[in-house]
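J.: Have a peek at data32.csv (CSV, C-alpha atoms and all ligand atoms).
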```csv
chain,number,residue,atom,x,y,z
A,1,MET,CA,33.4,43.2,-43.3
A,2,LYS,CA,29.7,42.2,-43.7
A,3,VAL,CA,27.5,44.5,-41.7
A,4,PRO,CA,25.1,42.4,-39.5
A,5,ALA,CA,21.4,43.0,-40.3
A,6,LEU,CA,21.0,44.6,-36.9
A,7,PHE,CA,23.5,47.2,-37.8
A,8,GLN,CA,22.3,48.0,-41.3
A,9,PRO,CA,20.9,51.6,-41.6
A,10,LEU,CA,17.3,52.1,-42.2
A,11,THR,CA,15.7,55.1,-43.9
A,12,ILE,CA,12.1,56.0,-43.4
A,13,ARG,CA,11.0,59.2,-45.2
A,14,GLY,CA,13.6,61.9,-44.4
A,15,VAL,CA,15.3,60.1,-41.5
A,16,THR,CA,18.1,57.5,-41.5
A,17,PHE,CA,18.5,55.3,-38.4
A,18,ARG,CA,22.1,54.1,-38.1
A,19,ASN,CA,21.0,50.7,-36.8
A,20,ARG,CA,18.0,48.7,-35.8
A,21,ILE,CA,18.4,48.7,-32.0
A,22,TRP,CA,15.9,51.1,-30.8
A,23,LEU,CA,15.0,52.3,-27.3
A,24,SER,CA,11.4,51.3,-26.3
A,25,PRO,CA,9.5,54.1,-24.6
A,26,LEU,CA,9.9,53.9,-20.8
A,27,CYS,CA,7.8,55.9,-18.4
A,28,GLU,CA,10.0,57.3,-15.7
A,29,TYR,CA,7.5,59.1,-13.5
A,30,SER,CA,10.2,61.7,-13.0
A,31,ALA,CA,8.6,65.0,-13.9
A,32,LYS,CA,7.4,67.2,-11.0
A,33,THR,CA,3.7,67.8,-11.4
A,34,ASP,CA,4.1,70.2,-14.4
A,35,GLY,CA,4.8,67.6,-17.1
A,36,VAL,CA,8.2,69.1,-17.7
A,37,PRO,CA,11.1,66.7,-18.3
A,38,THR,CA,13.9,67.0,-15.8
A,39,ASP,CA,17.7,66.3,-15.5
A,40,TRP,CA,16.7,62.6,-14.9
A,41,HIS,CA,15.3,62.5,-18.5
A,42,MET,CA,18.4,64.1,-19.9
A,43,VAL,CA,20.8,61.6,-18.3
A,44,HIS,CA,18.4,58.6,-18.8
A,45,LEU,CA,17.8,59.3,-22.5
A,46,GLY,CA,21.3,60.7,-23.1
A,47,SER,CA,22.8,57.5,-21.9
A,48,PHE,CA,21.2,55.6,-24.7
A,49,ALA,CA,22.4,58.1,-27.3
A,50,ILE,CA,26.0,57.6,-25.9
A,51,GLY,CA,25.3,53.9,-26.1
A,52,ARG,CA,24.5,54.3,-29.8
A,53,ALA,CA,20.9,53.1,-30.0
A,54,GLY,CA,19.6,53.7,-33.5
A,55,LEU,CA,16.6,55.5,-32.1
A,56,VAL,CA,16.0,57.0,-28.6
A,57,MET,CA,12.3,57.1,-28.1
A,58,ALA,CA,11.1,59.2,-25.2
A,59,GLU,CA,8.4,57.8,-23.0
A,60,ALA,CA,4.7,58.2,-23.2
A,61,THR,CA,4.4,62.0,-23.3
A,62,SER,CA,1.0,63.3,-22.8
A,63,ILE,CA,-0.8,65.5,-25.3
A,64,ASN,CA,-2.8,67.3,-22.6
A,65,ALA,CA,-2.9,67.4,-18.8
A,66,VAL,CA,-5.7,64.8,-18.3
A,67,GLY,CA,-4.0,62.4,-20.7
A,68,ARG,CA,-1.1,61.7,-18.2
A,69,ILE,CA,-0.9,58.3,-16.6
A,70,SER,CA,0.2,59.8,-13.2
A,71,PRO,CA,0.8,63.3,-11.9
A,72,HIS,CA,4.5,62.7,-12.4
A,73,ASP,CA,4.3,62.0,-16.1
A,74,VAL,CA,5.8,64.2,-18.8
A,75,GLY,CA,3.8,66.1,-21.4
A,76,ILE,CA,4.1,68.3,-24.4
A,77,TRP,CA,1.2,70.7,-24.2
A,78,ASN,CA,3.0,73.9,-23.4
A,79,ASP,CA,6.1,75.9,-24.4
A,80,GLU,CA,8.0,75.3,-21.1
A,81,GLN,CA,7.8,71.5,-21.8
A,82,VAL,CA,9.0,72.1,-25.4
A,83,GLY,CA,12.0,74.0,-24.2
A,84,ALA,CA,13.0,71.3,-21.7
A,85,TRP,CA,12.6,68.6,-24.4
A,86,LYS,CA,14.7,70.6,-26.8
A,87,ARG,CA,17.7,70.5,-24.5
A,88,ILE,CA,17.4,66.7,-24.5
A,89,THR,CA,16.9,66.3,-28.3
A,90,ASP,CA,19.9,68.6,-28.8
A,91,PHE,CA,22.1,66.2,-26.8
A,92,ILE,CA,20.8,63.2,-28.6
A,93,HIS,CA,21.5,64.8,-32.0
A,94,SER,CA,25.0,65.7,-30.8
A,95,GLN,CA,25.6,62.0,-30.7
A,96,GLY,CA,24.3,61.5,-34.2
A,97,VAL,CA,21.3,59.6,-32.9
A,98,VAL,CA,17.6,60.0,-33.9
A,99,ALA,CA,15.2,61.3,-31.3
A,100,GLY,CA,11.6,60.1,-31.2
A,101,VAL,CA,8.7,60.8,-28.9
A,102,GLN,CA,5.7,58.6,-28.0
A,103,LEU,CA,2.7,60.9,-27.9
A,104,ALA,CA,0.1,59.5,-25.5
A,105,HIS,CA,-3.3,59.9,-23.9
A,106,ALA,CA,-4.0,57.5,-21.0
A,107,GLY,CA,-7.8,57.8,-21.1
A,108,ARG,CA,-9.4,55.8,-18.3
A,109,LYS,CA,-5.9,54.6,-17.2
A,110,GLY,CA,-4.9,58.2,-16.3
A,111,SER,CA,-4.6,59.9,-13.0
A,112,THR,CA,-3.1,56.8,-11.4
A,113,ALA,CA,-0.4,56.4,-8.7
A,114,PRO,CA,3.1,56.9,-10.1
A,115,GLY,CA,5.4,53.8,-10.3
A,116,TRP,CA,6.5,54.1,-6.7
A,117,GLY,CA,6.3,56.2,-3.5
A,118,ALA,CA,2.5,56.9,-3.4
A,119,ASP,CA,0.6,56.3,-0.1
A,120,TYR,CA,-2.4,55.2,-2.1
A,121,GLU,CA,-3.2,52.6,-4.8
A,122,ASP,CA,-4.9,52.9,-8.2
A,123,SER,CA,-6.4,56.3,-8.8
A,124,THR,CA,-4.9,59.5,-7.5
A,125,PRO,CA,-7.3,61.3,-5.1
A,126,ALA,CA,-8.3,64.8,-6.1
A,127,ASP,CA,-6.5,66.3,-3.0
A,128,LYS,CA,-3.3,64.6,-4.2
A,129,GLY,CA,-3.5,66.1,-7.7
A,130,GLY,CA,-5.8,63.6,-9.4
A,131,TRP,CA,-8.3,64.5,-12.1
A,132,GLN,CA,-11.4,63.3,-13.9
A,133,THR,CA,-10.4,60.8,-16.6
A,134,VAL,CA,-12.2,60.4,-20.0
A,135,ALA,CA,-12.8,57.3,-22.1
A,136,PRO,CA,-15.0,56.0,-24.9
A,137,THR,CA,-17.4,54.6,-22.3
A,138,ALA,CA,-18.0,55.3,-18.7
A,139,ARG,CA,-16.6,52.0,-17.5
A,140,ALA,CA,-13.6,51.8,-15.2
A,141,PHE,CA,-10.4,49.9,-15.7
A,142,GLY,CA,-10.3,47.4,-12.8
A,143,SER,CA,-10.6,49.3,-9.5
A,144,TYR,CA,-9.7,52.7,-11.0
A,145,ASN,CA,-12.1,55.7,-10.9
A,146,VAL,CA,-14.9,55.6,-13.4
A,147,PRO,CA,-14.1,57.8,-16.5
A,148,LEU,CA,-16.4,60.3,-18.1
A,149,GLU,CA,-17.7,59.2,-21.6
A,150,LEU,CA,-16.3,61.5,-24.3
A,151,ASP,CA,-19.0,63.2,-26.3
A,152,LEU,CA,-18.4,64.2,-30.0
A,153,ALA,CA,-17.1,67.7,-29.1
A,154,GLY,CA,-14.7,66.0,-26.6
A,155,ILE,CA,-13.5,63.7,-29.3
A,156,ASP,CA,-12.9,66.6,-31.6
A,157,SER,CA,-10.9,68.4,-28.9
A,158,VAL,CA,-8.8,65.3,-28.3
A,159,VAL,CA,-7.9,65.2,-32.0
A,160,ALA,CA,-7.0,68.9,-31.9
A,161,ASP,CA,-4.7,68.2,-28.9
A,162,TRP,CA,-2.9,65.4,-30.7
A,163,ALA,CA,-2.2,67.7,-33.6
A,164,ALA,CA,-1.0,70.5,-31.3
A,165,ALA,CA,1.3,68.1,-29.4
A,166,ALA,CA,2.7,66.8,-32.7
A,167,ARG,CA,3.5,70.4,-33.8
A,168,ARG,CA,5.2,70.9,-30.5
A,169,ALA,CA,7.1,67.7,-30.9
A,170,ILE,CA,8.7,69.0,-34.1
A,171,ALA,CA,9.4,72.4,-32.4
A,172,ALA,CA,11.1,70.4,-29.6
A,173,GLY,CA,13.5,68.8,-32.1
A,174,PHE,CA,12.0,65.3,-32.3
A,175,ASP,CA,12.7,63.5,-35.6
A,176,VAL,CA,10.2,60.7,-35.2
A,177,VAL,CA,6.7,60.8,-33.7
A,178,GLU,CA,4.9,57.7,-32.4
A,179,ILE,CA,1.2,57.6,-31.6
A,180,HIS,CA,0.5,55.4,-28.5
A,181,ALA,CA,-2.5,53.2,-29.4
A,182,ALA,CA,-1.5,50.3,-27.2
A,183,HIS,CA,-1.5,49.1,-23.6
A,184,GLY,CA,-5.1,50.0,-22.8
A,185,TYR,CA,-4.7,53.7,-23.2
A,186,LEU,CA,-7.2,56.0,-24.9
A,187,LEU,CA,-6.8,55.0,-28.5
A,188,HIS,CA,-6.7,51.3,-27.6
A,189,GLN,CA,-9.8,51.8,-25.5
A,190,PHE,CA,-11.6,53.0,-28.6
A,191,LEU,CA,-10.2,50.1,-30.7
A,192,SER,CA,-11.1,47.3,-28.3
A,193,PRO,CA,-14.6,46.0,-27.7
A,194,LEU,CA,-13.5,45.3,-24.1
A,195,ALA,CA,-13.5,49.0,-23.4
A,196,ASN,CA,-15.7,50.6,-26.1
A,197,GLU,CA,-19.4,50.1,-25.8
A,198,ARG,CA,-20.4,53.1,-27.9
A,199,THR,CA,-23.3,52.9,-30.3
A,200,ASP,CA,-22.4,56.0,-32.4
A,201,GLU,CA,-19.9,56.2,-35.3
A,202,TYR,CA,-17.0,55.6,-32.9
A,203,GLY,CA,-18.3,52.2,-31.6
A,204,GLY,CA,-19.5,48.8,-32.9
A,205,SER,CA,-17.7,47.8,-36.1
A,206,LEU,CA,-13.9,47.6,-36.4
A,207,GLU,CA,-14.2,50.5,-38.9
A,208,ASN,CA,-16.0,52.6,-36.3
A,209,ARG,CA,-13.7,51.7,-33.4
A,210,ALA,CA,-10.7,52.6,-35.6
A,211,ARG,CA,-12.2,56.0,-36.6
A,212,LEU,CA,-10.6,58.0,-33.8
A,213,LEU,CA,-7.1,56.5,-34.4
A,214,ARG,CA,-7.4,57.2,-38.1
A,215,ARG,CA,-8.4,60.8,-37.4
A,216,VAL,CA,-5.4,61.2,-35.1
A,217,VAL,CA,-3.0,59.7,-37.7
A,218,VAL,CA,-4.3,62.2,-40.4
A,219,ALA,CA,-4.1,65.2,-38.0
A,220,VAL,CA,-0.7,64.3,-36.7
A,221,ARG,CA,0.7,63.8,-40.2
A,222,ASP,CA,-0.7,67.2,-41.2
A,223,ALA,CA,1.1,68.7,-38.2
A,224,ILE,CA,4.5,67.0,-38.7
A,225,GLY,CA,4.8,67.3,-42.5
A,226,ASP,CA,5.9,64.7,-45.1
A,227,SER,CA,9.5,64.1,-44.0
A,228,VAL,CA,8.9,62.9,-40.4
A,229,PRO,CA,8.4,59.2,-39.8
A,230,LEU,CA,5.2,58.4,-38.0
A,231,PHE,CA,4.9,55.2,-36.0
A,232,VAL,CA,1.9,53.7,-34.2
A,233,ARG,CA,2.3,51.4,-31.2
A,234,PHE,CA,-0.5,48.8,-31.2
A,235,SER,CA,-1.5,46.1,-28.8
A,236,ALA,CA,-1.7,43.3,-31.4
A,237,THR,CA,-3.9,41.2,-29.2
A,238,ASP,CA,-5.9,41.7,-26.0
A,239,TRP,CA,-5.1,38.1,-25.1
A,240,ASP,CA,-8.9,37.6,-24.7
A,241,GLU,CA,-11.2,36.1,-27.3
A,242,ARG,CA,-13.7,38.9,-26.8
A,243,GLY,CA,-11.0,41.5,-27.5
A,244,ILE,CA,-9.0,42.6,-30.5
A,245,THR,CA,-6.9,40.0,-32.4
A,246,VAL,CA,-3.9,40.2,-34.5
A,247,GLU,CA,-6.2,39.8,-37.6
A,248,ASP,CA,-8.1,42.9,-36.5
A,249,VAL,CA,-4.9,44.9,-35.9
A,250,ALA,CA,-3.5,43.9,-39.2
A,251,VAL,CA,-6.6,45.3,-40.9
A,252,VAL,CA,-6.3,48.6,-39.0
A,253,ALA,CA,-2.5,48.7,-39.7
A,254,GLY,CA,-3.3,48.5,-43.4
A,255,TRP,CA,-5.8,51.5,-43.0
A,256,ILE,CA,-3.3,53.7,-41.0
A,257,HIS,CA,-0.6,52.8,-43.6
A,258,GLU,CA,-2.9,54.3,-46.3
A,259,ASP,CA,-3.5,57.2,-44.0
A,260,SER,CA,0.3,57.9,-44.0
A,261,ALA,CA,1.7,56.0,-40.9
A,262,ASP,CA,5.0,54.4,-41.6
A,263,LEU,CA,5.6,51.7,-39.1
A,264,VAL,CA,3.8,49.5,-36.6
A,265,ASP,CA,5.5,49.2,-33.2
A,266,THR,CA,4.1,45.8,-32.1
A,267,SER,CA,3.2,45.3,-28.5
A,268,THR,CA,0.3,43.5,-26.8
A,269,GLY,CA,-2.1,43.6,-23.9
A,270,GLY,CA,-3.1,46.1,-21.3
A,271,ILE,CA,-6.8,46.7,-22.0
A,272,ALA,CA,-8.3,45.1,-18.9
A,273,ALA,CA,-7.2,44.1,-15.5
A,274,GLY,CA,-6.5,40.4,-14.8
A,275,ILE,CA,-5.9,39.0,-18.3
A,276,PRO,CA,-2.7,36.8,-18.1
A,277,ILE,CA,0.0,37.4,-20.8
A,278,PRO,CA,2.1,34.3,-21.8
A,279,THR,CA,5.5,35.9,-21.9
A,280,GLY,CA,8.8,34.4,-22.9
A,281,PRO,CA,11.8,35.4,-25.0
A,282,GLY,CA,10.7,37.3,-28.0
A,283,TYR,CA,7.0,36.5,-27.3
A,284,GLN,CA,5.6,39.3,-29.4
A,285,VAL,CA,7.8,38.9,-32.5
A,286,GLU,CA,5.2,36.7,-34.2
A,287,PHE,CA,2.8,39.5,-34.1
A,288,ALA,CA,5.2,42.0,-35.7
A,289,ASP,CA,5.9,39.3,-38.4
A,290,THR,CA,2.1,38.7,-39.1
A,291,ILE,CA,1.3,42.4,-39.3
A,292,ARG,CA,4.3,43.1,-41.5
A,293,ARG,CA,3.4,40.3,-44.0
A,294,THR,CA,-0.4,40.8,-43.9
A,295,ALA,CA,-0.6,44.6,-44.0
A,296,GLY,CA,2.6,45.2,-45.9
A,297,ILE,CA,3.8,47.9,-43.4
A,298,PRO,CA,7.2,47.9,-41.7
A,299,THR,CA,7.2,46.8,-38.1
A,300,ASN,CA,9.4,46.7,-35.1
A,301,ALA,CA,9.3,43.8,-32.6
A,302,VAL,CA,9.5,44.4,-28.8
A,303,GLY,CA,9.3,42.3,-25.7
A,304,LEU,CA,12.0,40.2,-24.0
A,305,ILE,CA,14.5,40.7,-26.7
A,306,THR,CA,17.8,40.6,-24.7
A,307,LEU,CA,20.5,39.0,-26.7
A,308,PRO,CA,22.5,40.3,-29.7
A,309,GLU,CA,22.1,37.1,-31.7
A,310,GLN,CA,18.4,37.0,-31.0
A,311,ALA,CA,17.9,40.6,-32.0
A,312,ASN,CA,20.0,40.1,-35.2
A,313,GLU,CA,18.0,37.0,-36.2
A,314,ILE,CA,14.7,38.9,-35.9
A,315,VAL,CA,15.8,41.5,-38.4
A,316,GLU,CA,17.8,39.2,-40.6
A,317,SER,CA,15.0,36.8,-41.0
A,318,GLY,CA,12.6,39.6,-42.0
A,319,LYS,CA,10.2,39.2,-39.1
A,320,ALA,CA,10.6,42.9,-38.3
A,321,ASP,CA,12.5,45.8,-39.6
A,322,ALA,CA,13.9,46.7,-36.2
A,323,VAL,CA,13.8,45.7,-32.5
A,324,MET,CA,12.9,47.8,-29.6
A,325,LEU,CA,14.5,47.0,-26.2
A,326,GLY,CA,13.2,48.3,-22.9
A,327,ARG,CA,14.5,46.5,-19.8
A,328,GLU,CA,17.7,45.2,-21.4
A,329,LEU,CA,18.7,48.7,-22.4
A,330,MET,CA,17.9,49.9,-18.9
A,331,ARG,CA,20.3,47.2,-17.6
A,332,ASP,CA,22.9,48.1,-20.2
A,333,PRO,CA,22.4,51.5,-22.0
A,334,HIS,CA,25.5,50.5,-24.1
A,335,PHE,CA,23.8,47.3,-25.4
A,336,ALA,CA,24.5,48.4,-29.0
A,337,LEU,CA,28.2,48.8,-28.3
A,338,ARG,CA,28.3,45.4,-26.7
A,339,ALA,CA,26.1,43.8,-29.5
A,340,SER,CA,28.4,45.0,-32.2
A,341,THR,CA,31.3,43.3,-30.5
A,342,ALA,CA,29.3,40.1,-30.0
A,343,LEU,CA,28.4,40.0,-33.6
A,344,GLY,CA,32.0,40.5,-34.7
A,345,TYR,CA,31.4,44.0,-36.1
A,346,THR,CA,33.5,47.1,-35.5
A,347,LEU,CA,31.1,49.9,-34.9
A,348,PRO,CA,32.3,52.9,-37.0
A,349,TYR,CA,30.5,55.4,-34.8
A,350,TRP,CA,31.7,54.3,-31.4
A,351,PRO,CA,31.8,57.4,-29.1
A,352,ASP,CA,35.2,59.0,-29.2
A,353,GLN,CA,35.3,59.5,-25.4
A,354,TYR,CA,34.8,55.7,-25.0
A,355,LEU,CA,37.3,54.6,-27.6
A,356,ARG,CA,39.7,53.2,-25.0
A,357,ALA,CA,36.9,50.8,-24.0
A,358,GLN,CA,36.7,49.3,-27.5
A,359,PRO,CA,37.7,45.7,-27.4
A,401,LIG,C1,9.7,51.0,-16.6
A,401,LIG,C2,8.8,50.8,-17.8
A,401,LIG,C3,8.2,51.8,-18.4
A,401,LIG,C4,7.4,51.6,-19.6
A,401,LIG,N1,6.8,52.7,-20.1
A,401,LIG,C5,6.2,52.6,-21.4
A,401,LIG,C6,5.8,53.7,-22.1
A,401,LIG,O1,5.9,54.9,-21.7
A,401,LIG,N2,5.1,53.5,-23.2
A,401,LIG,C7,5.0,52.2,-23.8
A,401,LIG,O2,4.4,52.1,-24.9
A,401,LIG,N3,5.5,51.2,-23.1
A,401,LIG,C8,6.1,51.3,-22.0
A,401,LIG,N4,6.7,50.2,-21.3
A,401,LIG,C9,6.7,49.0,-22.1
A,401,LIG,C10,8.1,48.9,-22.8
A,401,LIG,O3,8.2,49.9,-23.8
A,401,LIG,C11,8.3,47.5,-23.5
A,401,LIG,O4,7.3,47.4,-24.5
A,401,LIG,C12,8.2,46.4,-22.6
A,401,LIG,O5,9.0,46.6,-21.4
A,401,LIG,C13,8.7,45.1,-23.2
A,401,LIG,O6,10.0,45.2,-23.7
A,401,LIG,P1,11.3,44.7,-22.9
A,401,LIG,O7,11.0,43.2,-22.5
A,401,LIG,O8,12.4,44.9,-23.8
A,401,LIG,O9,11.4,45.5,-21.6
A,401,LIG,C14,7.4,50.4,-20.1
A,401,LIG,C15,8.0,49.3,-19.5
A,401,LIG,C16,8.8,49.5,-18.4
A,401,LIG,C17,9.5,48.3,-17.8
```
Could you render the structure as structure tokens?
Ligand SMILES: Cc1cc2nc3c(=O)[nH]c(=O)nc-3n(C[C@H](O)[C@H](O)[C@H](O)COP(=O)(O)O)c2cc1C
T.:
Amino acid sequence: MKVPALFQPLTIRGVTFRNRIWLSPLCEYSAKTDGVPTDWHMVHLGSFAIGRAGLVMAEATSINAVGRISPHDVGIWNDEQVGAWKRITDFIHSQGVVAGVQLAHAGRKGSTAPGWGADYEDSTPADKGGWQTVAPTARAFGSYNVPLELDLAGIDSVVADWAAAARRAIAAGFDVVEIHAAHGYLLHQFLSPLANERTDEYGGSLENRARLLRRVVVAVRDAIGDSVPLFVRFSATDWDERGITVEDVAVVAGWIHEDSADLVDTSTGGIAAGIPIPTGPGYQVEFADTIRRTAGIPTNAVGLITLPEQANEIVESGKADAVMLGRELMRDPHFALRASTALGYTLPYWPDQYLRAQP
């Protein structure tokens, strides 16, 4: 039987993904206020391992306390968090599935209201657990609080926190590390002229704006060793002519590839409030394709990929090496099981406990 492109294994460095259907990172706002993942994360992430995603990527996980998006975000800056993550990666591994973590720092988009249930909007007040945010420039995102501009010592300490978090990610059992440089969070804030007004070596030219990301890639690689795949999620466009474009991102993708990153996870948007995004089925695939061809780095596509045939075509046509699914996998954590059937393929690693559900 011919194995559909979507179900062909992929090896990057020392890790083999059994298929190309990957879970996109999904913030759950389900930690208490200590950054420690909970039973929710175990069941949520575990369900995608049972459903045989090729990669289960944990949500934006903060490298330090002020890098969290909201007070209920998860983190990986202390040993208690590492222990809680290890339980989850152990379960994912028990299913033969690869576990990844998206390391993140929200910068000026930190200290915000969690996804639901807050009696305030935008920034979290100090008496409700909010904190002073940091950014390349002291300019707020929309109506959020104004961040503090990072000085050079502050930048150095952010790089050190990325490295420490990456070391902890390995201790927690993660097989893949992704650096979140998209969606208007700290590293994207440095990359984009819409958020970076610095005049030192971290602002101005594309080379300067990419300097922090490149330092982080080098520091993270040093922390995780040579056998661990390193992904970077970019916003391939700011959807605004004054912001970054896919041409800029393809150049930076080439640089970080030289710096030892292995794959670009290709998203878009998020840098400023009020910029409309023209969404539709597979609306970001073209960016994954452009970056893959121009920078010669493997990519994954993400964004409104919902159908088995659509996902298979993206990989088969060589527009991307894998697809990430967010909301469709939330609707159906067993999407990979269903997709294999839809593509006429008998999945050899269907979970034993679910064999009686195999068509
Ligand atoms: C509930 C929710 C939480 C998300 N959290 C993250 C996150 O932690 N990190 C990230 O890079 N993107 C996050 N995203 C974006 C998704 O990873 C994905 O890129 C986006 O939803 C588009 O893919 P989809 O159409 O398959 O959902 C989130 C999206 C949703 C709906």
J.: How would you write, as a VMD selection string, the set of residues no farther than 9 Å from ligand LIG 401 (chain A) when counting only C-alpha atoms and all ligand atoms?
T.: chain A and resid 23 to 29 58 to 61 102 104 115 180 to 183 233 to 234 265 to 268 281 to 282 302 to 306 323 to 330
J.: Given the selection you just returned, output its residues as a file containing C-alpha atoms, formatted as a PDB file, in the coordinates of the input.
T.:
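Saved to again34.pdb:
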```
ATOM      1  CA  LEU A  23      15.000  52.300 -27.300  1.00  0.00           C
ATOM      2  CA  SER A  24      11.400  51.300 -26.300  1.00  0.00           C
ATOM      3  CA  PRO A  25       9.500  54.100 -24.600  1.00  0.00           C
ATOM      4  CA  LEU A  26       9.900  53.900 -20.800  1.00  0.00           C
ATOM      5  CA  CYS A  27       7.800  55.900 -18.400  1.00  0.00           C
ATOM      6  CA  GLU A  28      10.000  57.300 -15.700  1.00  0.00           C
ATOM      7  CA  TYR A  29       7.500  59.100 -13.500  1.00  0.00           C
ATOM      8  CA  ALA A  58      11.100  59.200 -25.200  1.00  0.00           C
ATOM      9  CA  GLU A  59       8.400  57.800 -23.000  1.00  0.00           C
ATOM     10  CA  ALA A  60       4.700  58.200 -23.200  1.00  0.00           C
ATOM     11  CA  THR A  61       4.400  62.000 -23.300  1.00  0.00           C
ATOM     12  CA  GLN A 102       5.700  58.600 -28.000  1.00  0.00           C
ATOM     13  CA  ALA A 104       0.100  59.500 -25.500  1.00  0.00           C
ATOM     14  CA  GLY A 115       5.400  53.800 -10.300  1.00  0.00           C
ATOM     15  CA  HIS A 180       0.500  55.400 -28.500  1.00  0.00           C
ATOM     16  CA  ALA A 181      -2.500  53.200 -29.400  1.00  0.00           C
ATOM     17  CA  ALA A 182      -1.500  50.300 -27.200  1.00  0.00           C
ATOM     18  CA  HIS A 183      -1.500  49.100 -23.600  1.00  0.00           C
ATOM     19  CA  ARG A 233       2.300  51.400 -31.200  1.00  0.00           C
ATOM     20  CA  PHE A 234      -0.500  48.800 -31.200  1.00  0.00           C
ATOM     21  CA  ASP A 265       5.500  49.200 -33.200  1.00  0.00           C
ATOM     22  CA  THR A 266       4.100  45.800 -32.100  1.00  0.00           C
ATOM     23  CA  SER A 267       3.200  45.300 -28.500  1.00  0.00           C
ATOM     24  CA  THR A 268       0.300  43.500 -26.800  1.00  0.00           C
ATOM     25  CA  PRO A 281      11.800  35.400 -25.000  1.00  0.00           C
ATOM     26  CA  GLY A 282      10.700  37.300 -28.000  1.00  0.00           C
ATOM     27  CA  VAL A 302       9.500  44.400 -28.800  1.00  0.00           C
ATOM     28  CA  GLY A 303       9.300  42.300 -25.700  1.00  0.00           C
ATOM     29  CA  LEU A 304      12.000  40.200 -24.000  1.00  0.00           C
ATOM     30  CA  ILE A 305      14.500  40.700 -26.700  1.00  0.00           C
ATOM     31  CA  THR A 306      17.800  40.600 -24.700  1.00  0.00           C
ATOM     32  CA  VAL A 323      13.800  45.700 -32.500  1.00  0.00           C
ATOM     33  CA  MET A 324      12.900  47.800 -29.600  1.00  0.00           C
ATOM     34  CA  LEU A 325      14.500  47.000 -26.200  1.00  0.00           C
ATOM     35  CA  GLY A 326      13.200  48.300 -22.900  1.00  0.00           C
ATOM     36  CA  ARG A 327      14.500  46.500 -19.800  1.00  0.00           C
ATOM     37  CA  GLU A 328      17.700  45.200 -21.400  1.00  0.00           C
ATOM     38  CA  LEU A 329      18.700  48.700 -22.400  1.00  0.00           C
ATOM     39  CA  MET A 330      17.900  49.900 -18.900  1.00  0.00           C
TER      40      MET A 330
END
```
J.: Just the residues within 7 Å of range 213-216 of chain A, please, counting all atoms listed in the file, with nothing from its chain fewer than 4 positions along; format it as a ChimeraX atom specification.
T.: /A:159,162,187,220,256
J.: Rounded to one decimal place, report the CA of Ala49 in chain A-CA of Val97 in chain A distance in Å.
T.: 5.9 Å
J.: Find the spatial neighbours of range 237-245 of chain A, counting all atoms listed in the file, within a cut-off of 8 Å - ignore same-chain residues fewer than 4 positions away - and output them as a PyMOL selection string.
T.: chain A and resi 191-194+249+268-271+275-277
J.: Would you mind listing what lies within 12 Å of Asp122 in chain A as a PyMOL selection string, with all atoms listed in the file counted and same-chain residues fewer than 2 positions away left out?
T.: chain A and resi 69-70+108-116+118-120+124-125+130+140-146+273
J.: Separation of CA of Ala53 in chain A and CA of Gly318 in chain A, in Å?
T.: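 Distance between the two atoms: 19.9 Å.
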J.: Per residue of range 90-122 of chain A within 12 Å of range 334-354 of chain A, what are the shortest atom pair and its distance in Å to one decimal, counting only C-alpha atoms, with rows by chain and residue number, as a Markdown table?
T.:
```
| residue | atom | partner | partner_atom | distance |
| --- | --- | --- | --- | --- |
| A:Ser94 | CA | A:Pro351 | CA | 10.9 |
| A:Gln95 | CA | A:Pro351 | CA | 7.9 |
| A:Gly96 | CA | A:Tyr349 | CA | 8.7 |
| A:Val97 | CA | A:Tyr349 | CA | 10.3 |
```
J.: Neighbouring residues of range 10-14 of chain A were defined as those with any atom within 12 Å, considering all atoms listed in the file; residues of the same chain fewer than 5 positions away were excluded. Please report them as a PyMOL selection string.
T.: chain A and resi 5+19-22+54-55+98+175-176+224-231+260-263+297-300+315+321-322
J.: Which of these residues is nearest to Gln132 in chain A, using all atoms listed in the file: A:Leu152, A:Val74, A:Ile88, A:Ala65?
T.: A:Ala65
J.: Using only C-alpha atoms, find the one residue out of A:Arg293, A:Arg209, A:Arg221, A:His105 that sits nearest to Glu247 in chain A.
T.: A:Arg293
J.: Between CA of Ala301 in chain A and CA of Ile314 in chain A, measure the distance and give it in Å to one decimal.
T.: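 CA of Ile314 in chain A lies at a distance of 8.0 Å from CA of Ala301 in chain A.
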J.: Given the choices A:Ala166, A:Ala171, A:Phe190, A:Ala106, which gets closest to Ser205 in chain A if the distance is worked out from all atoms listed in the file?
T.: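 Using all atoms listed in the file, the shortest distance to Ser205 in chain A belongs to A:Phe190.
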J.: Restricting the calculation to only C-alpha atoms, which member of A:Gly46, A:Pro333, A:Gly75, A:His93 is positioned closest to Lys32 in chain A?
T.: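 Ranked by minimum distance to Lys32 in chain A, first place goes to A:Gly75.
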J.: Of the candidates A:Ala84, A:Leu307, A:Ala250, A:Leu148, which one gets nearest to Phe287 in chain A if we count only C-alpha atoms?
T.: A:Ala250
J.: From the set A:Arg87, A:Lys128, A:Arg168, A:Lys2, which residue has the shortest atom-to-atom contact distance to Asn64 in chain A, counting all atoms listed in the file?
T.: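 Looking at the shortest contact to Asn64 in chain A, the residue is A:Arg168.
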J.: Give me the residues near Ala165 in chain A as number ranges by chain, where near means some atom within 7 Å (using only C-alpha atoms) and where sequence neighbours in that chain fewer than 4 positions away do not count.
T.: A: 63, 76-77, 161, 169
J.: Save range 106-112 of chain A of the structure in the block above to a file, with C-alpha atoms included, as a short mmCIF file (atom, residue, chain, number, x, y, z; two decimals), in the first residue's frame.
T.:
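What landed in out.cif:
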```
data_model
loop_
_atom_site.label_atom_id
_atom_site.label_comp_id
_atom_site.auth_asym_id
_atom_site.auth_seq_id
_atom_site.Cartn_x
_atom_site.Cartn_y
_atom_site.Cartn_z
CA ALA A 106 5.40 37.70 25.45
CA GLY A 107 7.25 41.01 25.87
CA ARG A 108 4.78 43.91 25.70
CA LYS A 109 1.90 41.46 25.13
CA GLY A 110 2.47 39.92 28.57
CA SER A 111 0.50 40.40 31.78
CA THR A 112 -2.82 40.38 29.95
#
```
